[in-house]
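Worksheet for the structure shown next.
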Amino acid sequence: MKRRLLLALPALLPAGALAQGSARPIRLVVPFPPGGTADLLGRLASREIEARIGAPVVVENRPGAGGAVGSEAVARGPADGSVLVLSNIASQAIGPAVNRNIAYDSVRDFTHIGLIAAVPSAIVVSATGPYRTLADLIAKAKTAPGAVRFGSNGVGTSSHVKLELLNRAAGVEITHVPYRGSAPAVADVIGGQVDGLIAAVPDVGNNDRLRMLAVTTAERATRWPDVPSVAELGFQTLVASNWFGLSGPAGMPPEATQRLNAALVAGLNTPEMAERLAALGAAPNRMSAQDYTAMVTSEVPRWAGIARAANITAE
């Protein structure tokens, strides 16, 4: 059995992953610091791919500029399947929309391989505060424009842009208060310094000192069945996920892209991974490389339009 697996190994490896007859490591750049959702998903995906293609997948955290530093490094790297990046909504869609200094094109400069997970955000307030529903919050914001204050992970981040999306969808004026990351923003929501926050569910969903008013999905998240979706509350334009996937430099051989996609999809759809993803508010998917490319391509103009309408810049 082992001999048959070894003989089959070269056919399973992506182009460029063999050097002098041995499996060369694949480097997966996670363009964010260790410990967050992006890092977790990158490591889960790397483990599943490594188990299926036979080549080591080494995760390298390379944070900076909202994911742009690591993403640009990969975009300029060899297009042979040996270097990949954890592509995501921040680095591929929102970052380029708000920061003119980003030098890469999110579509032309990458080969998009597959979606790992689409993680919802949640609109949250303090569990001891006055708002029990999203309707309560919106009613207050309408009667006192600017009085309701929401934190964010920083200017030009996903949480900031989604707040502007909420303002437009509900016809309100919630004041934006930027923080340096989600942790201090969450602390001030709990402490009452700001009224709420829009953040990825993994950052807020398990904190019993927060109340989730809605999740930014079309349907309720299985993990939090009592929390309504923004779509069922009548805010279809608020449907937006924090998506994370795998990409490489433009020009990767199609066979390498397809092998990596097949390994990723197989890994995501194991019972263990389904359980891990459910804890993040996501579900396993079988998105092809073509599907993921189409998704990224559609997300870029969407967030560019939102940032332009709200005059959001972060340089």
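The way I read the labels, and the way they are meant: chains A, B, ... in the order of the structure tokens, residue 1 as the first residue of every chain, and ligand 1 as the first ligand shown, with later ones counted on from there.
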
Per residue of range 257-311 of chain A within 10 Å of range 29-44 of chain A, note the shortest atom pair and the distance in Å to one decimal, counting only C-alpha atoms, and order the rows by chain and increasing residue number, as a Markdown table.
```
| residue | atom | partner | partner_atom | distance |
| --- | --- | --- | --- | --- |
| A:Leu264 | CA | A:Leu44 | CA | 9.9 |
| A:Gly267 | CA | A:Leu44 | CA | 9.0 |
| A:Leu268 | CA | A:Leu44 | CA | 8.9 |
| A:Met273 | CA | A:Leu44 | CA | 8.2 |
| A:Arg276 | CA | A:Leu44 | CA | 9.2 |
| A:Leu277 | CA | A:Leu41 | CA | 8.9 |
| A:Leu280 | CA | A:Thr37 | CA | 8.5 |
```

Selection to disk with N, CA and C atoms, as an mmCIF file, in the first residue's frame:
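This went into selection-v3.cif:
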```
data_model
loop_
_atom_site.group_PDB
_atom_site.id
_atom_site.type_symbol
_atom_site.label_atom_id
_atom_site.label_comp_id
_atom_site.auth_asym_id
_atom_site.auth_seq_id
_atom_site.Cartn_x
_atom_site.Cartn_y
_atom_site.Cartn_z
ATOM 1 N N LEU A 264 -8.250 20.956 -1.357
ATOM 2 C CA LEU A 264 -8.920 21.850 -0.416
ATOM 3 C C LEU A 264 -10.375 21.441 -0.213
ATOM 4 N N GLY A 267 -10.747 18.305 1.820
ATOM 5 C CA GLY A 267 -10.453 18.532 3.228
ATOM 6 C C GLY A 267 -11.549 19.276 3.952
ATOM 7 N N LEU A 268 -12.163 20.249 3.282
ATOM 8 C CA LEU A 268 -13.213 21.043 3.914
ATOM 9 C C LEU A 268 -14.455 20.227 4.219
ATOM 10 N N MET A 273 -13.799 18.909 9.816
ATOM 11 C CA MET A 273 -13.729 20.283 9.338
ATOM 12 C C MET A 273 -15.106 20.936 9.336
ATOM 13 N N ARG A 276 -15.556 22.220 12.744
ATOM 14 C CA ARG A 276 -14.714 23.388 13.018
ATOM 15 C C ARG A 276 -15.276 24.632 12.343
ATOM 16 N N LEU A 277 -15.749 24.488 11.121
ATOM 17 C CA LEU A 277 -16.298 25.625 10.395
ATOM 18 C C LEU A 277 -17.607 26.100 11.014
ATOM 19 N N LEU A 280 -17.358 28.587 13.606
ATOM 20 C CA LEU A 280 -17.030 29.930 13.121
ATOM 21 C C LEU A 280 -18.214 30.574 12.400
#
```

I'd like the neighbourhood of range 135-147 of chain A as a VMD selection string, where a residue qualifies if any of its atoms comes within 6 Å (using only C-alpha atoms), though same-chain residues fewer than 5 positions away should be ignored. chain A and resid 172 to 175

Could you give me, as a tab-separated table, a per-residue list for range 131-181 of chain A showing, wherever an atom lies at most 12 Å from an atom of range 288-310 of chain A, the closest pair of atoms and their distance in Å to one decimal, using only C-alpha atoms and sorting by chain then residue number from low to high?
```
residue	atom	partner	partner_atom	distance
A:Val155	CA	A:Ala307	CA	11.1
A:Gly156	CA	A:Ala307	CA	8.2
A:Thr157	CA	A:Ala307	CA	10.4
A:Ser158	CA	A:Trp303	CA	9.6
A:His160	CA	A:Ala307	CA	9.8
A:Val161	CA	A:Ala307	CA	6.8
A:Lys162	CA	A:Ile306	CA	9.0
A:Leu163	CA	A:Ala310	CA	10.3
A:Glu164	CA	A:Ala310	CA	6.7
A:Leu165	CA	A:Ile306	CA	7.3
A:Leu166	CA	A:Ile306	CA	11.1
A:Asn167	CA	A:Ala310	CA	9.8
A:Arg168	CA	A:Ala310	CA	9.1
A:Ala169	CA	A:Ile306	CA	11.6
A:Glu173	CA	A:Ala310	CA	11.8
A:His176	CA	A:Ala310	CA	11.9
```

Skip Asn269 in chain A itself and residues of its chain fewer than 2 positions away, then list as a PyMOL selection string all residues within 12 Å of it, counting only C-alpha atoms. chain A and resi 45+48+116-117+262-267+271-278+283-287

Could you please determine the separation between CA of Arg220 in chain A and CA of Gly281 in chain A in Å, to one decimal place?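 Between CA of Arg220 in chain A and CA of Gly281 in chain A the gap works out to 9.3 Å.
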
Neighbours of Val58 in chain A within 9 Å (only C-alpha atoms; same-chain residues fewer than 4 positions away dropped), as a VMD selection string? chain A and resid 25 to 29 43 46
